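Colleague: Quick one: structure below, then a few questions.
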Amino acid sequence: MIETGRFAPSTTGPAHPGTLLAALLCWLDARSRGAQIVLRLEDLDFERSSDAWISAMRDDLAWLGLEFDRVERQSEARAHHERALDRLEAAGALYPCSCSRSQIRERGLRAADGGFAYSNACRGRALPGVREGGWRASDEPLRARLPDELVEPVDEAGERLAQHPSLALGDPVVRRREGGIAYQLASVVDDARVGVTRVVRGRDLAASTATQVALQRLLGLSEPVYRHHLLLLEPREGAKLAKLHGSVGMPELRRCYRASGLCGLLAHACGLRESPAETTPVELLDGFDWECVTQHDRVMRWTDERLECLPALWAAAVDRR
């Protein structure tokens with residue numbers, strides 16, 4: 001069987017250096033193994049995603065030198081997501097939830113991902129009956145009831161993924177209040193649908209792996225191999241680079257860098273090159289080895305229209321001043 005990897009960026013804003021590093025490592029992992037790689041554009045956030053951001057994401061990845069065997073928009077897989085909800089309902093593992101985000105925060109249960117865990121308070125509630133339309137007739141968020149058991153996924157990079165997901169995070173929302181399919185369900189359904197065997201992604205998503213594996217098992221889906229890698233961080237607070245935080249985006253980066261220059265900087269940041277000399281993804285493919293990729297997060301500072309790569313400890317030292 002041919003291995004398949006995927007890169008699955010959200011399309012709610014411009015790509016930034018963290019997006020490109022994740023794409024580059026995912027691409028190198030797949031191509032070095034002779035695997036296929038799918039670009040899955042995660043466009044289920046209908047309020048923030050747009051065709052313009054989707055087009056820009058595809059163009060920016062191509063500009064860096066990354067090509068994909070297949071491109072998909074997650075919103076086009078709605079029928080598959082609904083069939084998964086049907087299976088959860090048939091298994092008695094789906095229920096409506098009336099708890100607001102503020103109520104969940106007020107209970108103060110800290111989650112493994114740094115947020116607040118859901119207490120599974122609505123587990124005893126039932127969906128509308130089949131004659132009334134079942135889950136489709138509910139206008140509330142829907143959650144999947146996970147087994148109360150330890151889930152122990154294995155991470156190739158040694159990240160600790162073992163967790164009781166129903167306690168550490170709580171039963172996940174699988175359909176949002178406005179009817180949109182939630183991330184956790186869409187991700188596992190789409191991975192299985194296109195035959196993804198390897199998931200390479202940043203360690204900020206490691207805490208959700210046990211939840212996703214639990215959903216895969218509930219739905220009878222295959223479980224891919226996971227590998228989580230370093231993050232690129234903001235200079236202040238040590239938060240990961242993100243669109244939400246206003247990280248420098250691709251319009252600025254493409255104005256100030258050639259593709260080979262930015263690729264060289266990313267390769268240097270993750271340990272694949274000793275210097276930020278210009279290079280290309282194809283050149284990095286020659287001799288690519290995960291043993292050369294650092295596990296230590298790096299800080300990216302934007303100064304005078306240039307990116308500077310710094311050890312993550314530098315950011316902590318600045319914050320203490």
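Lettering and numbering for the structure tokens are positional, with chains as A, B, ... in the shown order, residues counted from 1 in each chain, and ligands counted from 1 in the shown order.
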Please identify the strand (DSSP E) residues within segment 18-60 of chain A (assignment by DSSP from backbone atoms) and present them as a list in words.
Modeller: Gln36, Ile37, Val38, Leu39, Arg40 and Leu41 of chain A
Colleague: Write out, as a PDB file, in the first residue's frame, the residues just selected, with N, CA and C atoms.
Modeller:
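Written out: out_22.pdb:
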```
ATOM      1  N   GLN A  36       2.552   9.626  -1.254  1.00  0.00           N
ATOM      2  CA  GLN A  36       1.727  10.682  -1.809  1.00  0.00           C
ATOM      3  C   GLN A  36       1.467  11.720  -0.721  1.00  0.00           C
ATOM      4  N   ILE A  37       1.109  12.929  -1.130  1.00  0.00           N
ATOM      5  CA  ILE A  37       0.756  13.958  -0.165  1.00  0.00           C
ATOM      6  C   ILE A  37      -0.435  14.757  -0.671  1.00  0.00           C
ATOM      7  N   VAL A  38      -1.393  14.944   0.231  1.00  0.00           N
ATOM      8  CA  VAL A  38      -2.638  15.642  -0.074  1.00  0.00           C
ATOM      9  C   VAL A  38      -2.605  17.012   0.598  1.00  0.00           C
ATOM     10  N   LEU A  39      -3.036  18.028  -0.113  1.00  0.00           N
ATOM     11  CA  LEU A  39      -3.269  19.341   0.467  1.00  0.00           C
ATOM     12  C   LEU A  39      -4.761  19.436   0.772  1.00  0.00           C
ATOM     13  N   ARG A  40      -5.086  19.470   2.056  1.00  0.00           N
ATOM     14  CA  ARG A  40      -6.487  19.577   2.471  1.00  0.00           C
ATOM     15  C   ARG A  40      -6.721  20.976   3.039  1.00  0.00           C
ATOM     16  N   LEU A  41      -7.507  21.745   2.360  1.00  0.00           N
ATOM     17  CA  LEU A  41      -7.789  23.120   2.773  1.00  0.00           C
ATOM     18  C   LEU A  41      -8.959  23.106   3.750  1.00  0.00           C
TER      19      LEU A  41
END
```
Colleague: Applying 7 Å and only C-alpha atoms, which residues near Val225 of chain A remain after dropping the ones on its own chain fewer than 6 positions away? List them as a list in words.
Modeller: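 Near Val225 of chain A, the qualifying residues are Thr197, Arg198 and Val199 of chain A.
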Colleague: Store the residues of this selection in a file with all heavy atoms, as a PDB file, in the first residue's frame.
Modeller:
```pdb
ATOM      1  N   THR A 197      -2.085   7.793   5.906  1.00  0.00           N
ATOM      2  CA  THR A 197      -1.392   6.843   6.787  1.00  0.00           C
ATOM      3  C   THR A 197      -0.403   7.523   7.722  1.00  0.00           C
ATOM      4  O   THR A 197       0.037   6.926   8.698  1.00  0.00           O
ATOM      5  CB  THR A 197      -0.626   5.793   5.951  1.00  0.00           C
ATOM      6  OG1 THR A 197       0.332   6.471   5.107  1.00  0.00           O
ATOM      7  CG2 THR A 197      -1.587   4.980   5.088  1.00  0.00           C
ATOM      8  N   ARG A 198      -0.028   8.783   7.406  1.00  0.00           N
ATOM      9  CA  ARG A 198       0.931   9.519   8.228  1.00  0.00           C
ATOM     10  C   ARG A 198       0.418  10.946   8.457  1.00  0.00           C
ATOM     11  O   ARG A 198       0.057  11.642   7.509  1.00  0.00           O
ATOM     12  CB  ARG A 198       2.311   9.587   7.557  1.00  0.00           C
ATOM     13  CG  ARG A 198       2.989   8.246   7.412  1.00  0.00           C
ATOM     14  CD  ARG A 198       4.372   8.402   6.799  1.00  0.00           C
ATOM     15  NE  ARG A 198       5.263   9.239   7.606  1.00  0.00           N
ATOM     16  CZ  ARG A 198       5.868   8.845   8.718  1.00  0.00           C
ATOM     17  NH1 ARG A 198       5.664   7.623   9.186  1.00  0.00           N
ATOM     18  NH2 ARG A 198       6.678   9.658   9.367  1.00  0.00           N
ATOM     19  N   VAL A 199       0.401  11.360   9.730  1.00  0.00           N
ATOM     20  CA  VAL A 199       0.021  12.720  10.093  1.00  0.00           C
ATOM     21  C   VAL A 199       1.241  13.394  10.714  1.00  0.00           C
ATOM     22  O   VAL A 199       1.686  13.019  11.794  1.00  0.00           O
ATOM     23  CB  VAL A 199      -1.167  12.735  11.076  1.00  0.00           C
ATOM     24  CG1 VAL A 199      -1.424  14.158  11.577  1.00  0.00           C
ATOM     25  CG2 VAL A 199      -2.421  12.172  10.400  1.00  0.00           C
TER      26      VAL A 199
END
```
Colleague: Let me make sure I understand: among A:Trp27, A:Trp63, A:Trp302, A:Tyr95, which one has the smallest atom-to-atom distance to Ala144 of chain A if we use only C-alpha atoms?
Modeller: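 Under the stated criterion, the closest residue is A:Tyr95.
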Colleague: Dump as a tab-separated table the rows for residues of segment 135-250 of chain A within 12 Å of segment 286-291 of chain A: closest atom pair and distance in Å with one decimal, only C-alpha atoms counted, ordered by chain and rising residue number.
Modeller:
```
residue	atom	partner	partner_atom	distance
A:Glu156	CA	A:Trp290	CA	9.7
A:Ala157	CA	A:Trp290	CA	8.6
A:Val200	CA	A:Trp290	CA	11.4
A:Arg227	CA	A:Trp290	CA	10.1
A:His228	CA	A:Trp290	CA	11.0
A:His229	CA	A:Trp290	CA	9.6
A:Leu230	CA	A:Trp290	CA	11.6
```
Colleague: What's around Ala77 of chain A at 9 Å? Count only C-alpha atoms, leave out sequence neighbours fewer than 5 positions away in its own chain, and write the answer as a PyMOL selection string.
Modeller: chain A and resi 72+82+186+190
Colleague: Residues at most 8 Å from Cys122 of chain A, counting only C-alpha atoms, excluding those fewer than 5 positions away in the same chain, as a PyMOL selection string?
Modeller: chain A and resi 95-99
Colleague: Quick one: DSSP helix (DSSP H, G or I) residues in segment 61-277 of chain A, as an NGL selection string?
Modeller: :A and (61-64 or 74-90 or 101-107 or 130-132 or 134-137 or 165-168 or 183-193 or 203-219 or 243-245 or 250-256 or 259-269)
Colleague: Given the choices A:Arg177, A:His268, A:His81, A:His164, which gets closest to Ala192 of chain A if the distance is worked out from only C-alpha atoms?
Modeller: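 For Ala192 of chain A, the nearest of the candidates is A:His81.
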Colleague: Which one of A:Gly18, A:Gly158, A:Gly170, A:Pro153 sits closest to Ala121 of chain A if you count only C-alpha atoms?
Modeller: A:Gly170
Colleague: Find the spatial neighbours of segment 5-16 of chain A, counting only C-alpha atoms, within a cut-off of 8 Å - ignore same-chain residues fewer than 6 positions away - and output them as a VMD selection string.
Modeller: chain A and resid 22 to 23 26 to 27 30 35 to 43 45 48 to 50 53 to 54 56 to 57 60 196 to 201 241 to 243 247 to 251
Colleague: Have a look at A:Gln163, A:Gly65, A:His80, A:Pro141 and name the one nearest to Thr279 of chain A; count only C-alpha atoms.
Modeller: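 Selected residue with least distance to Thr279 of chain A: A:Gly65.
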Colleague: From the options A:Arg136, A:Arg125, A:Arg203, A:Arg145, which residue's atoms come nearest to Gly180 of chain A, counting only C-alpha atoms?
Modeller: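 Closest candidate: A:Arg136.
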Colleague: Show which residues sit within 9 Å of Ala267 of chain A, as a PDB file with N, CA and C atoms, in the first residue's frame. Count only C-alpha atoms, and ignore same-chain residues fewer than 4 positions away.
Modeller:
```pdb
ATOM      1  N   LEU A  21       6.691  26.313   7.530  1.00  0.00           N
ATOM      2  CA  LEU A  21       7.556  25.277   8.101  1.00  0.00           C
ATOM      3  C   LEU A  21       6.798  23.964   8.226  1.00  0.00           C
ATOM      4  N   LEU A  24       6.483  22.476   4.798  1.00  0.00           N
ATOM      5  CA  LEU A  24       7.770  21.981   4.310  1.00  0.00           C
ATOM      6  C   LEU A  24       8.118  20.638   4.946  1.00  0.00           C
ATOM      7  N   LEU A 262      13.661  32.316   1.748  1.00  0.00           N
ATOM      8  CA  LEU A 262      12.788  31.973   2.861  1.00  0.00           C
ATOM      9  C   LEU A 262      12.885  30.487   3.186  1.00  0.00           C
ATOM     10  N   CYS A 263      12.997  29.644   2.154  1.00  0.00           N
ATOM     11  CA  CYS A 263      13.160  28.207   2.381  1.00  0.00           C
ATOM     12  C   CYS A 263      14.445  27.934   3.158  1.00  0.00           C
ATOM     13  N   GLY A 271      16.839  23.116  11.870  1.00  0.00           N
ATOM     14  CA  GLY A 271      18.036  22.305  12.037  1.00  0.00           C
ATOM     15  C   GLY A 271      18.492  21.537  10.827  1.00  0.00           C
ATOM     16  N   LEU A 272      17.821  21.706   9.695  1.00  0.00           N
ATOM     17  CA  LEU A 272      18.214  20.965   8.498  1.00  0.00           C
ATOM     18  C   LEU A 272      19.431  21.561   7.804  1.00  0.00           C
ATOM     19  N   ARG A 273      19.727  22.811   8.081  1.00  0.00           N
ATOM     20  CA  ARG A 273      20.890  23.478   7.518  1.00  0.00           C
ATOM     21  C   ARG A 273      21.606  24.280   8.610  1.00  0.00           C
ATOM     22  N   GLU A 274      22.939  24.316   8.537  1.00  0.00           N
ATOM     23  CA  GLU A 274      23.716  25.036   9.540  1.00  0.00           C
ATOM     24  C   GLU A 274      23.622  26.536   9.370  1.00  0.00           C
ATOM     25  N   SER A 275      23.289  26.988   8.172  1.00  0.00           N
ATOM     26  CA  SER A 275      23.167  28.413   7.911  1.00  0.00           C
ATOM     27  C   SER A 275      21.882  28.656   7.133  1.00  0.00           C
ATOM     28  N   PRO A 276      21.403  29.914   7.090  1.00  0.00           N
ATOM     29  CA  PRO A 276      20.178  30.220   6.340  1.00  0.00           C
ATOM     30  C   PRO A 276      20.423  30.472   4.860  1.00  0.00           C
ATOM     31  N   ALA A 277      21.448  29.829   4.286  1.00  0.00           N
ATOM     32  CA  ALA A 277      21.733  30.013   2.860  1.00  0.00           C
ATOM     33  C   ALA A 277      20.549  29.550   2.014  1.00  0.00           C
ATOM     34  N   THR A 279      18.064  27.810  -0.466  1.00  0.00           N
ATOM     35  CA  THR A 279      17.894  26.417  -0.874  1.00  0.00           C
ATOM     36  C   THR A 279      16.465  26.235  -1.352  1.00  0.00           C
ATOM     37  N   LEU A 284      16.533  20.130  -0.294  1.00  0.00           N
ATOM     38  CA  LEU A 284      16.467  19.624   1.078  1.00  0.00           C
ATOM     39  C   LEU A 284      16.088  18.151   1.114  1.00  0.00           C
ATOM     40  N   VAL A 293      16.309  17.155  12.441  1.00  0.00           N
ATOM     41  CA  VAL A 293      15.332  18.196  12.768  1.00  0.00           C
ATOM     42  C   VAL A 293      15.285  18.378  14.287  1.00  0.00           C
TER      43      VAL A 293
END
```
Colleague: From the set A:Pro172, A:Gly179, A:Pro235, A:Gly220, which residue has the shortest atom-to-atom contact distance to Arg301 of chain A, counting only C-alpha atoms?
Modeller: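 Smallest separation from Arg301 of chain A among the options: A:Pro235.
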Colleague: What separation in Å, quoted to one decimal, exists between atom CA of Leu232 of chain A and atom CA of Gln184 of chain A?
Modeller: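 Rounded to one decimal, the two atoms are 23.2 Å apart.
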